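Colleague: Dropping in target.csv, with CSV, C-alpha atoms.
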```csv
chain,number,residue,atom,x,y,z
A,1382,MET,CA,29.0,22.0,18.1
A,1383,GLU,CA,31.4,24.9,18.1
A,1384,THR,CA,33.0,23.7,14.9
A,1385,THR,CA,29.7,23.2,13.2
A,1386,ALA,CA,28.6,26.8,14.0
A,1387,ALA,CA,32.0,28.1,12.8
A,1388,ALA,CA,31.7,26.0,9.6
A,1389,LYS,CA,28.2,27.4,9.1
A,1390,ALA,CA,29.4,31.0,9.4
A,1391,GLU,CA,32.2,30.2,7.0
A,1392,ALA,CA,29.8,28.7,4.5
A,1393,GLY,CA,27.7,31.8,4.9
A,1394,HIS,CA,30.5,34.0,3.7
A,1395,GLY,CA,33.1,32.3,1.5
A,1396,ALA,CA,32.3,28.8,0.4
A,1397,ARG,CA,29.9,28.2,-2.5
A,1398,ARG,CA,26.4,27.3,-1.4
A,1399,PRO,CA,24.7,24.3,-3.0
A,1400,TYR,CA,22.3,26.2,-5.2
A,1401,VAL,CA,22.4,24.0,-8.3
A,1402,PRO,CA,22.2,20.7,-6.4
A,1403,VAL,CA,19.1,22.0,-4.6
A,1404,ALA,CA,17.5,23.0,-7.9
A,1405,VAL,CA,18.2,19.5,-9.4
A,1406,ALA,CA,16.6,17.9,-6.3
A,1407,LEU,CA,13.6,20.2,-6.6
A,1408,ALA,CA,13.2,19.3,-10.3
A,1409,MET,CA,13.5,15.6,-9.6
A,1410,LEU,CA,11.0,15.7,-6.7
A,1411,THR,CA,8.6,17.5,-9.1
A,1412,VAL,CA,8.9,14.7,-11.6
A,1413,VAL,CA,8.1,12.2,-8.9
A,1414,GLU,CA,5.1,14.3,-7.9
A,1415,VAL,CA,3.7,14.5,-11.4
A,1416,LEU,CA,4.0,10.7,-11.7
A,1417,SER,CA,2.7,9.7,-8.3
A,1418,PRO,CA,-1.1,10.1,-8.8
A,1419,GLY,CA,-0.8,7.1,-11.2
A,1420,LEU,CA,0.8,4.9,-8.6
A,1421,PRO,CA,-1.2,1.7,-7.8
A,1422,ALA,CA,-1.5,2.5,-4.1
A,1423,ALA,CA,-4.3,3.5,-1.8
A,1424,ARG,CA,-5.4,7.1,-2.3
A,1425,ASN,CA,-4.7,8.1,1.3
A,1426,ILE,CA,-1.1,6.9,0.9
A,1427,VAL,CA,-0.6,8.8,-2.4
A,1428,VAL,CA,-2.0,12.0,-0.7
A,1429,ALA,CA,0.4,11.5,2.3
A,1430,VAL,CA,3.4,11.0,-0.1
A,1431,LEU,CA,2.4,14.1,-2.1
A,1432,LEU,CA,2.2,16.3,0.9
A,1433,ALA,CA,5.5,15.0,2.2
A,1434,LEU,CA,7.1,15.7,-1.1
A,1435,ALA,CA,5.7,19.2,-1.2
A,1436,THR,CA,6.9,19.9,2.4
A,1437,SER,CA,10.4,18.6,1.5
A,1438,LYS,CA,10.6,20.9,-1.6
A,1439,ALA,CA,9.3,23.9,0.4
A,1440,SER,CA,11.9,23.2,3.2
A,1441,LEU,CA,14.7,23.0,0.6
A,1442,VAL,CA,13.7,26.4,-0.8
A,1443,VAL,CA,13.3,28.1,2.6
A,1444,LEU,CA,16.5,26.6,4.0
A,1445,TYR,CA,18.9,27.2,1.1
A,1446,TYR,CA,17.4,29.8,-1.2
A,1447,MET,CA,15.9,31.9,1.5
A,1448,HIS,CA,19.0,31.3,3.5
A,1449,LEU,CA,17.2,30.5,6.8
A,1450,ARG,CA,19.9,27.8,7.3
A,1451,TYR,CA,22.6,30.5,7.4
A,1452,GLU,CA,20.6,33.1,9.4
A,1453,PRO,CA,20.5,33.3,13.2
A,1454,ARG,CA,18.0,30.8,14.6
A,1455,TRP,CA,15.7,33.4,16.1
A,1456,LEU,CA,14.7,34.6,12.6
A,1457,SER,CA,13.1,31.2,11.8
A,1458,TYR,CA,10.8,31.6,14.8
A,1459,LEU,CA,8.9,34.2,12.8
A,1460,PRO,CA,7.6,31.9,10.1
A,1461,LEU,CA,7.4,29.0,12.5
A,1462,GLY,CA,5.3,31.0,15.0
A,1463,VAL,CA,2.8,31.8,12.2
A,1464,MET,CA,2.8,28.1,11.3
A,1465,VAL,CA,1.4,27.4,14.8
A,1466,LEU,CA,-1.4,29.8,14.2
A,1467,VAL,CA,-2.0,28.2,10.8
A,1468,LEU,CA,-2.3,24.8,12.5
A,1469,PHE,CA,-5.1,26.2,14.7
A,1470,LEU,CA,-6.8,27.7,11.6
A,1471,VAL,CA,-6.7,24.4,9.7
A,1472,LEU,CA,-8.0,22.5,12.8
A,1473,ALA,CA,-10.8,25.0,13.2
A,1474,LEU,CA,-11.7,24.7,9.5
A,1475,SER,CA,-11.7,20.9,9.4
A,1476,VAL,CA,-14.1,20.6,12.4
B,1072,MET,CA,44.9,67.8,14.3
B,1073,ALA,CA,42.7,66.6,17.1
B,1074,GLN,CA,40.4,69.5,16.4
B,1075,VAL,CA,40.0,68.4,12.8
B,1076,GLU,CA,39.1,64.9,14.0
B,1077,ALA,CA,36.6,66.1,16.5
B,1078,LYS,CA,35.0,68.2,13.8
B,1079,ALA,CA,34.8,65.2,11.5
B,1080,GLU,CA,33.3,63.2,14.2
B,1081,ALA,CA,30.7,65.9,14.9
B,1082,GLY,CA,30.0,65.9,11.2
B,1083,HIS,CA,29.3,62.1,11.3
B,1084,GLU,CA,27.0,62.5,14.2
B,1085,ALA,CA,25.1,65.2,12.4
B,1086,GLU,CA,24.9,63.0,9.4
B,1087,ALA,CA,23.6,60.1,11.6
B,1088,GLU,CA,21.1,62.5,13.2
B,1089,ARG,CA,19.9,63.6,9.8
B,1090,VAL,CA,19.5,60.0,8.6
B,1091,HIS,CA,17.5,59.1,11.6
B,1092,TRP,CA,15.1,62.0,11.4
B,1093,SER,CA,12.6,61.8,8.7
B,1094,ARG,CA,9.3,63.5,8.3
B,1095,TRP,CA,7.7,60.7,6.3
B,1096,PRO,CA,6.9,58.1,9.0
B,1097,PRO,CA,4.9,60.5,11.2
B,1098,MET,CA,3.2,61.7,8.1
B,1099,ALA,CA,2.2,58.1,7.1
B,1100,ALA,CA,1.0,57.5,10.7
B,1101,LEU,CA,-1.1,60.6,10.7
B,1102,GLY,CA,-2.5,59.6,7.3
B,1103,VAL,CA,-3.6,56.2,8.7
B,1104,GLY,CA,-5.1,57.9,11.8
B,1105,VAL,CA,-7.0,60.4,9.7
B,1106,PHE,CA,-8.2,57.7,7.3
B,1107,PHE,CA,-9.5,55.2,9.9
B,1108,GLY,CA,-10.6,57.8,12.4
B,1109,LEU,CA,-12.6,59.8,9.9
B,1110,LEU,CA,-13.8,56.7,8.1
B,1111,ALA,CA,-15.7,55.9,11.2
B,1112,LEU,CA,-17.0,59.5,11.5
B,1113,ALA,CA,-17.6,60.1,7.8
B,1114,PHE,CA,-21.1,58.7,7.7
B,1115,SER,CA,-22.3,61.1,10.3
B,1116,PHE,CA,-21.4,64.0,7.9
B,1117,GLN,CA,-23.9,65.3,5.4
B,1118,GLY,CA,-23.0,65.3,1.8
B,1119,LEU,CA,-21.3,62.6,-0.2
B,1120,LEU,CA,-18.5,64.9,-1.5
B,1121,LEU,CA,-17.5,65.8,2.1
B,1122,ARG,CA,-17.4,62.1,3.2
B,1123,VAL,CA,-15.4,61.0,0.2
B,1124,GLY,CA,-13.1,64.0,0.5
B,1125,ILE,CA,-12.3,63.4,4.1
B,1126,VAL,CA,-11.5,59.7,3.6
B,1127,ALA,CA,-9.6,60.2,0.4
B,1128,GLY,CA,-7.6,63.0,2.1
B,1129,GLY,CA,-6.5,60.7,4.8
B,1130,LEU,CA,-5.6,58.0,2.3
B,1131,ALA,CA,-3.7,60.4,0.2
B,1132,LEU,CA,-1.7,61.6,3.2
B,1133,PHE,CA,-0.9,58.0,4.2
B,1134,LEU,CA,0.2,57.1,0.6
B,1135,ALA,CA,2.3,60.2,0.3
B,1136,GLY,CA,4.0,59.4,3.7
B,1137,ALA,CA,4.6,55.8,2.8
B,1138,LEU,CA,5.9,56.5,-0.7
B,1139,GLY,CA,8.1,59.3,0.6
B,1140,TRP,CA,9.5,57.0,3.2
B,1141,LEU,CA,10.1,54.3,0.7
B,1142,ARG,CA,11.8,56.7,-1.7
B,1143,GLU,CA,14.0,58.0,1.0
B,1144,ASP,CA,14.9,54.6,2.4
B,1145,ILE,CA,15.6,53.1,-1.0
B,1146,ARG,CA,18.3,55.6,-1.8
B,1147,ARG,CA,20.8,54.6,0.8
B,1148,PRO,CA,22.1,51.4,2.3
B,1149,SER,CA,20.7,50.8,5.8
B,1150,ARG,CA,23.0,49.9,8.7
B,1151,ALA,CA,20.2,49.4,11.1
B,1152,VAL,CA,20.2,45.9,12.7
B,1153,PHE,CA,17.9,43.9,14.9
B,1154,GLY,CA,18.9,41.4,17.5
B,1155,ALA,CA,21.5,41.0,20.2
B,1156,SER,CA,25.0,42.5,19.6
B,1157,GLU,CA,27.3,40.2,17.7
B,1158,VAL,CA,28.6,37.5,20.1
B,1159,SER,CA,31.3,36.2,17.8
B,1160,GLN,CA,31.9,35.6,14.2
B,1161,ALA,CA,30.7,32.0,14.7
B,1162,HIS,CA,27.4,33.1,16.2
B,1163,PRO,CA,26.0,35.9,14.2
B,1164,GLN,CA,22.8,37.1,15.9
B,1165,ARG,CA,22.1,40.4,14.1
B,1166,VAL,CA,19.9,40.7,11.1
B,1167,SER,CA,19.2,43.9,9.2
B,1168,VAL,CA,15.9,45.5,10.1
B,1169,ARG,CA,14.9,45.5,6.5
B,1170,LYS,CA,15.3,41.7,6.3
B,1171,VAL,CA,13.3,41.3,9.6
B,1172,GLY,CA,10.6,43.5,8.1
B,1173,MET,CA,10.5,41.4,5.0
B,1174,TRP,CA,10.2,38.2,7.1
B,1175,PHE,CA,7.3,39.8,9.1
B,1176,PHE,CA,5.6,40.6,5.8
B,1177,LEU,CA,6.2,37.0,4.6
B,1178,ALA,CA,4.8,35.7,7.9
B,1179,SER,CA,1.6,37.6,7.2
B,1180,GLU,CA,1.6,36.2,3.7
B,1181,ILE,CA,1.8,32.7,5.1
B,1182,ALA,CA,-1.3,33.4,7.2
B,1183,PHE,CA,-3.0,34.9,4.1
B,1184,PHE,CA,-2.4,31.9,1.8
B,1185,SER,CA,-3.2,29.4,4.6
B,1186,GLY,CA,-6.6,31.1,5.0
B,1187,ILE,CA,-7.3,30.7,1.3
B,1188,ILE,CA,-6.0,27.1,1.0
B,1189,GLY,CA,-7.6,26.1,4.3
B,1190,THR,CA,-11.0,27.5,3.3
B,1191,SER,CA,-10.8,25.9,-0.1
B,1192,PHE,CA,-10.0,22.6,1.6
B,1193,ALA,CA,-12.9,23.0,4.0
B,1194,LEU,CA,-15.3,23.7,1.0
B,1195,ARG,CA,-14.0,20.6,-0.7
B,1196,THR,CA,-14.7,18.4,2.3
B,1197,ARG,CA,-18.2,19.8,2.7
B,1198,THR,CA,-19.1,19.3,-1.0
B,1199,ALA,CA,-21.3,16.3,-1.6
B,1200,ALA,CA,-20.6,16.0,-5.3
B,1201,PRO,CA,-17.3,14.1,-6.0
B,1202,TRP,CA,-14.2,16.2,-6.6
B,1203,PRO,CA,-12.7,15.5,-10.1
B,1204,HIS,CA,-9.7,13.2,-10.2
B,1205,PRO,CA,-6.3,14.8,-10.9
B,1206,GLY,CA,-5.8,15.6,-14.6
B,1207,VAL,CA,-9.4,15.2,-15.6
B,1208,ILE,CA,-10.1,19.0,-15.9
B,1209,LEU,CA,-6.7,20.6,-15.2
B,1210,ASN,CA,-3.6,20.1,-17.4
B,1211,VAL,CA,-1.1,18.5,-15.1
B,1212,PRO,CA,1.9,18.1,-17.5
B,1213,LEU,CA,1.7,21.7,-18.6
B,1214,THR,CA,1.5,22.9,-15.0
B,1215,GLY,CA,4.3,20.5,-14.1
B,1216,LEU,CA,6.4,22.3,-16.7
B,1217,ASN,CA,5.3,25.7,-15.2
B,1218,THR,CA,6.4,24.5,-11.8
B,1219,PHE,CA,9.7,23.6,-13.3
B,1220,ILE,CA,10.0,27.1,-14.8
B,1221,LEU,CA,9.3,28.7,-11.4
B,1222,ILE,CA,11.9,26.5,-9.7
B,1223,VAL,CA,14.5,27.5,-12.3
B,1224,SER,CA,13.6,31.2,-11.8
B,1225,SER,CA,14.3,30.7,-8.1
B,1226,LEU,CA,17.7,29.3,-9.0
B,1227,THR,CA,18.5,32.2,-11.3
B,1228,MET,CA,17.3,34.6,-8.5
B,1229,VAL,CA,19.6,33.2,-5.9
B,1230,GLU,CA,22.5,33.1,-8.4
B,1231,ALA,CA,21.9,36.8,-9.1
B,1232,LEU,CA,22.4,37.5,-5.3
B,1233,ALA,CA,25.5,35.2,-5.2
B,1234,ALA,CA,26.9,37.2,-8.1
B,1235,ILE,CA,26.5,40.7,-6.6
B,1236,GLU,CA,27.8,39.3,-3.2
B,1237,LYS,CA,31.1,38.9,-5.1
B,1238,GLY,CA,30.6,42.2,-7.0
B,1239,ASP,CA,30.0,40.6,-10.3
B,1240,GLN,CA,27.8,43.1,-12.2
B,1241,ARG,CA,27.5,41.1,-15.4
B,1242,ARG,CA,26.2,37.9,-13.8
B,1243,LEU,CA,23.9,39.9,-11.6
B,1244,ARG,CA,22.3,41.5,-14.7
B,1245,ILE,CA,22.1,38.2,-16.7
B,1246,PHE,CA,20.5,36.3,-13.8
B,1247,LEU,CA,18.0,39.1,-12.9
B,1248,LEU,CA,16.9,39.4,-16.5
B,1249,ALA,CA,16.6,35.6,-16.7
B,1250,THR,CA,14.5,35.6,-13.5
B,1251,LEU,CA,12.3,38.3,-14.9
B,1252,LEU,CA,11.7,36.5,-18.2
B,1253,LEU,CA,11.0,33.2,-16.5
B,1254,GLY,CA,8.5,34.9,-14.2
B,1255,CYS,CA,6.8,36.4,-17.3
B,1256,THR,CA,6.7,32.9,-18.9
B,1257,PHE,CA,5.1,31.4,-15.8
B,1258,VAL,CA,2.3,34.1,-15.9
B,1259,SER,CA,1.9,33.7,-19.6
B,1260,ILE,CA,1.4,29.9,-19.4
B,1261,GLN,CA,-1.1,30.5,-16.6
B,1262,ALA,CA,-3.0,33.0,-18.7
B,1263,PHE,CA,-3.0,30.5,-21.6
B,1264,GLU,CA,-4.3,27.8,-19.2
B,1265,TYR,CA,-7.0,30.1,-17.8
B,1266,ASN,CA,-8.2,31.0,-21.3
B,1267,LYS,CA,-8.4,27.3,-22.3
B,1268,LEU,CA,-10.2,26.3,-19.1
B,1269,PHE,CA,-12.7,29.2,-19.5
B,1270,HIS,CA,-13.6,27.9,-23.0
B,1271,GLU,CA,-14.0,24.4,-21.6
B,1272,GLY,CA,-16.5,25.6,-19.0
B,1273,LEU,CA,-14.4,26.0,-15.9
B,1274,THR,CA,-15.3,29.5,-14.5
B,1275,PRO,CA,-15.3,30.9,-11.0
B,1276,THR,CA,-19.0,30.0,-10.8
B,1277,ALA,CA,-19.2,26.7,-12.8
B,1278,ALA,CA,-17.3,23.6,-13.6
B,1279,PRO,CA,-17.6,21.1,-16.5
B,1280,LEU,CA,-18.0,17.3,-16.5
B,1281,GLY,CA,-20.3,17.2,-13.5
B,1282,ALA,CA,-17.8,18.6,-11.1
B,1283,PRO,CA,-19.2,20.9,-8.4
B,1284,ALA,CA,-19.2,24.6,-9.2
B,1285,VAL,CA,-17.1,25.3,-6.1
B,1286,TYR,CA,-14.3,23.4,-7.8
B,1287,GLY,CA,-14.0,26.4,-10.2
B,1288,THR,CA,-14.3,28.9,-7.4
B,1289,THR,CA,-11.5,27.4,-5.3
B,1290,PHE,CA,-9.3,26.8,-8.3
B,1291,TYR,CA,-9.5,30.5,-9.4
B,1292,ILE,CA,-9.2,31.9,-5.9
B,1293,GLN,CA,-6.1,29.9,-5.1
B,1294,THR,CA,-4.2,30.1,-8.4
B,1295,GLY,CA,-5.5,33.7,-9.0
B,1296,PHE,CA,-4.1,35.1,-5.8
B,1297,HIS,CA,-0.9,33.3,-6.4
B,1298,GLY,CA,-0.7,34.6,-10.0
B,1299,ALA,CA,-1.4,38.2,-8.7
B,1300,HIS,CA,1.6,37.8,-6.3
B,1301,VAL,CA,3.8,36.6,-9.2
B,1302,SER,CA,2.7,39.5,-11.3
B,1303,GLY,CA,3.4,42.0,-8.4
B,1304,GLY,CA,6.8,40.3,-8.1
B,1305,ILE,CA,7.5,40.8,-11.8
B,1306,VAL,CA,6.8,44.6,-11.4
B,1307,ALA,CA,9.3,44.7,-8.5
B,1308,MET,CA,11.7,42.5,-10.4
B,1309,ALA,CA,11.6,44.8,-13.4
B,1310,TYR,CA,12.5,47.7,-11.1
B,1311,VAL,CA,15.4,45.8,-9.5
B,1312,THR,CA,16.6,44.6,-12.9
B,1313,LEU,CA,16.5,48.2,-14.3
B,1314,ARG,CA,18.5,49.4,-11.3
B,1315,ALA,CA,21.0,46.7,-11.8
B,1316,PHE,CA,21.5,47.7,-15.5
B,1317,ARG,CA,22.1,51.3,-14.3
B,1318,GLY,CA,24.8,50.0,-11.9
B,1319,GLY,CA,22.7,50.6,-8.8
B,1320,PHE,CA,24.1,47.7,-6.8
B,1321,SER,CA,27.5,46.9,-5.5
B,1322,LYS,CA,29.3,44.3,-3.4
B,1323,GLU,CA,28.6,46.4,-0.3
B,1324,ASN,CA,25.1,47.7,-1.2
B,1325,HIS,CA,22.7,45.1,-2.6
B,1326,GLU,CA,20.1,44.4,0.0
B,1327,ALA,CA,17.3,45.1,-2.4
B,1328,VAL,CA,18.4,42.1,-4.5
B,1329,GLU,CA,18.3,39.9,-1.4
B,1330,LEU,CA,14.9,41.1,-0.2
B,1331,MET,CA,13.5,40.8,-3.7
B,1332,GLY,CA,14.8,37.2,-3.7
B,1333,LEU,CA,13.1,36.4,-0.4
B,1334,TYR,CA,9.8,37.5,-1.8
B,1335,TRP,CA,10.3,35.6,-5.1
B,1336,HIS,CA,11.3,32.3,-3.3
B,1337,PHE,CA,8.3,32.7,-1.0
B,1338,VAL,CA,6.0,32.8,-4.0
B,1339,ASP,CA,7.8,29.7,-5.3
B,1340,VAL,CA,7.1,28.0,-1.9
B,1341,VAL,CA,3.4,28.9,-2.1
B,1342,TRP,CA,3.2,27.4,-5.6
B,1343,ILE,CA,4.9,24.2,-4.5
B,1344,PHE,CA,2.0,23.6,-2.1
B,1345,LEU,CA,-0.7,24.9,-4.5
B,1346,PHE,CA,0.5,22.6,-7.3
B,1347,THR,CA,0.2,19.6,-5.0
B,1348,ILE,CA,-3.1,20.6,-3.4
B,1349,VAL,CA,-4.9,22.0,-6.5
B,1350,TYR,CA,-3.5,19.8,-9.3
B,1351,LEU,CA,-2.4,16.5,-7.8
B,1352,ILE,CA,-4.6,15.7,-4.9
```
Starting from the file, give its structure as structure tokens.

Modeller:
Amino acid sequence: METTAAAKAEAGHGARRPYVPVAVALAMLTVVEVLSPGLPAARNIVVAVLLALATSKASLVVLYYMHLRYEPRWLSYLPLGVMVLVLFLVLALSV
Amino acid sequence: MAQVEAKAEAGHEAEAERVHWSRWPPMAALGVGVFFGLLALAFSFQGLLLRVGIVAGGLALFLAGALGWLREDIRRPSRAVFGASEVSQAHPQRVSVRKVGMWFFLASEIAFFSGIIGTSFALRTRTAAPWPHPGVILNVPLTGLNTFILIVSSLTMVEALAAIEKGDQRRLRIFLLATLLLGCTFVSIQAFEYNKLFHEGLTPTAAPLGAPAVYGTTFYIQTGFHGAHVSGGIVAMAYVTLRAFRGGFSKENHEAVELMGLYWHFVDVVWIFLFTIVYLI
């Protein structure tokens, strides 16, 4: 645990962060997204896959490009806290 | 010798005191108070000119305070931090107040866009007429390309930050300029698409090919607010880029680049969801 945290802090300062690999992953996931409505699968499954792909892409951007992976953990409670409110909003709207 | 040091220290304290004391925040607060307080009272006054004058006066005071504050703040690096004191190098807990402020703003933006996307989804589920299949009205390949452009602009933005963290001015300028141009390309393609869709009959109050009119409404509300955010980002990006070309950032002082990046990536994240929800589902 200690070493991971230390490695994290180290990555935050010196080592090169994986910006280009993340961009390549984002581009590849986008290609999969554009092709997936044509898949011969049930619509519900396609929608679930698409939402999972979008969430993965957004997580990559937030963790690596917005540096939340390298920040103190308490900072991520801010957007996560709002996500809880958003969940209530979506539930209320879908009733 | 000791006297000189003591004098220097007193000088530093005076400097710190001067930095912490600013007339702008109370001025902005007073402006907000006057604006909202008198907005409530304004309608009990006689005469349109007096009403408008009172409300506009409060608003002007707030804007002057906020802009003065921004101008003062933007000119020097901030050392103010938020969070527990640093425990160790391995467990950094402190974050600059400006970054915390930006995250608060982005959290409010999450709520804003969730409201818009959630309402559009609720309208869709309550519409009896069938929703058009993906790609029937909207151009998915073109928007897929636009999504790719926005992703690349996020990469160039984060590379600009990585460059100035090492003090590399040349790469900072190249990558900021690239981000600015990619952002302009994104908005241009969106404008081209809007123009084409309008001619095909997709407007905020109508939709072609038997699709419900609310299809057009939700499409323009969602992509329009996002496009407005990108456009606002472009204005801010132009300012940051101009400052970079004038040598306004250094290895030690480049927080504006980082905060600009946070906003830019956030707009990218919103688009990732919008592309899926509006174009592919």

Colleague: Residues at most 12 Å from Leu1444 in chain A, counting only C-alpha atoms, excluding those fewer than 5 positions away in the same chain, as a list of chain:residue names?

Modeller: A:Arg1398, A:Pro1399, A:Tyr1400, A:Val1403, A:Thr1436, A:Ser1437, A:Lys1438, A:Ala1439, A:Leu1449, A:Arg1450, A:Tyr1451, A:Glu1452, A:Arg1454, A:Leu1456, A:Ser1457, B:Leu1333, B:His1336, B:Phe1337, B:Val1340

Colleague: When you draw a straight line from CA of Tyr1446 in chain A to CA of Ile1292 in chain B, how long is it in Å?

Modeller: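 Taking CA of Tyr1446 in chain A as the start and CA of Ile1292 in chain B as the end point, the length is 27.1 Å.
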
Colleague: Would you mind telling me which residue in B:Ala1262, B:Leu1243, B:Leu1345, B:Leu1110 lies nearest to chain A when using all atoms listed in the file?

Modeller: B:Leu1345

Colleague: Using all atoms listed in the file - which residues lie no farther than 9 Å from the point (8.2, 21.5, -0.7) in the file's frame? Write them as number ranges by chain.

Modeller: A: 1407, 1410, 1432-1443; B: 1340-1341, 1343-1344

Colleague: Kindly determine which residues of chain A lie within 7 Å of chain B, considering all atoms listed in the file, and give the answer as an NGL selection string.

Modeller: :A and (1386-1387 or 1390 or 1400 or 1404 or 1408 or 1415 or 1418 or 1428 or 1431 or 1435 or 1439 or 1442 or 1446-1447 or 1453 or 1459-1460 or 1463 or 1467 or 1471 or 1474-1475)

Colleague: Please identify all polymer residues within 9 Å of Leu1251 in chain B, counting only C-alpha atoms, omitting same-chain residues fewer than 3 positions from it, and present them as a VMD selection string.

Modeller: chain B and resid 1224 1228 1246 to 1248 1254 to 1256 1304 to 1305 1308 to 1309 1312

Colleague: Using Å and a single decimal, report how far CA of Leu1466 in chain A sits from CA of Phe1107 in chain B.

Modeller: 27.0 Å

Colleague: What is the distance between CA of Arg1317 in chain B and CA of Leu1252 in chain B, in Å to one decimal?

Modeller: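 Pair CA of Arg1317 in chain B / CA of Leu1252 in chain B returns 18.5 Å.
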
Colleague: Considering all atoms listed in the file, can you say which of A:Val1476, A:Tyr1445, A:Glu1414, A:Arg1397 comes closest to Ala1429 in chain A?

Modeller: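 Looking at the shortest contact to Ala1429 in chain A, the residue is A:Glu1414.
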
Colleague: Which residues come within 7 Å of range 1271-1276 of chain B, counting only C-alpha atoms, excluding same-chain residues fewer than 5 positions away, as a PDB file with C-alpha atoms, in the coordinates of the input?

Modeller:
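What ended up in part05.pdb:
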```pdb
ATOM      1  CA  ALA B1284     -19.200  24.600  -9.200  1.00  0.00           C
ATOM      2  CA  VAL B1285     -17.100  25.300  -6.100  1.00  0.00           C
ATOM      3  CA  GLY B1287     -14.000  26.400 -10.200  1.00  0.00           C
ATOM      4  CA  THR B1288     -14.300  28.900  -7.400  1.00  0.00           C
ATOM      5  CA  TYR B1291      -9.500  30.500  -9.400  1.00  0.00           C
TER       6      TYR B1291
END
```

Colleague: Would you pick out the contacts of Leu1109 in chain B at 12 Å or less, using all atoms listed in the file, so that residues sharing its chain but fewer than 4 positions from it are not included, and give the list as a list in words?

Modeller: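 Those residues are Leu1101, Gly1102, Val1103, Gly1104, Val1105, Ala1113, Phe1114, Ser1115, Phe1116, Leu1121, Arg1122, Val1123, Gly1124, Ile1125, Val1126, Ala1127, Gly1128, Gly1129 and Leu1130 of chain B.
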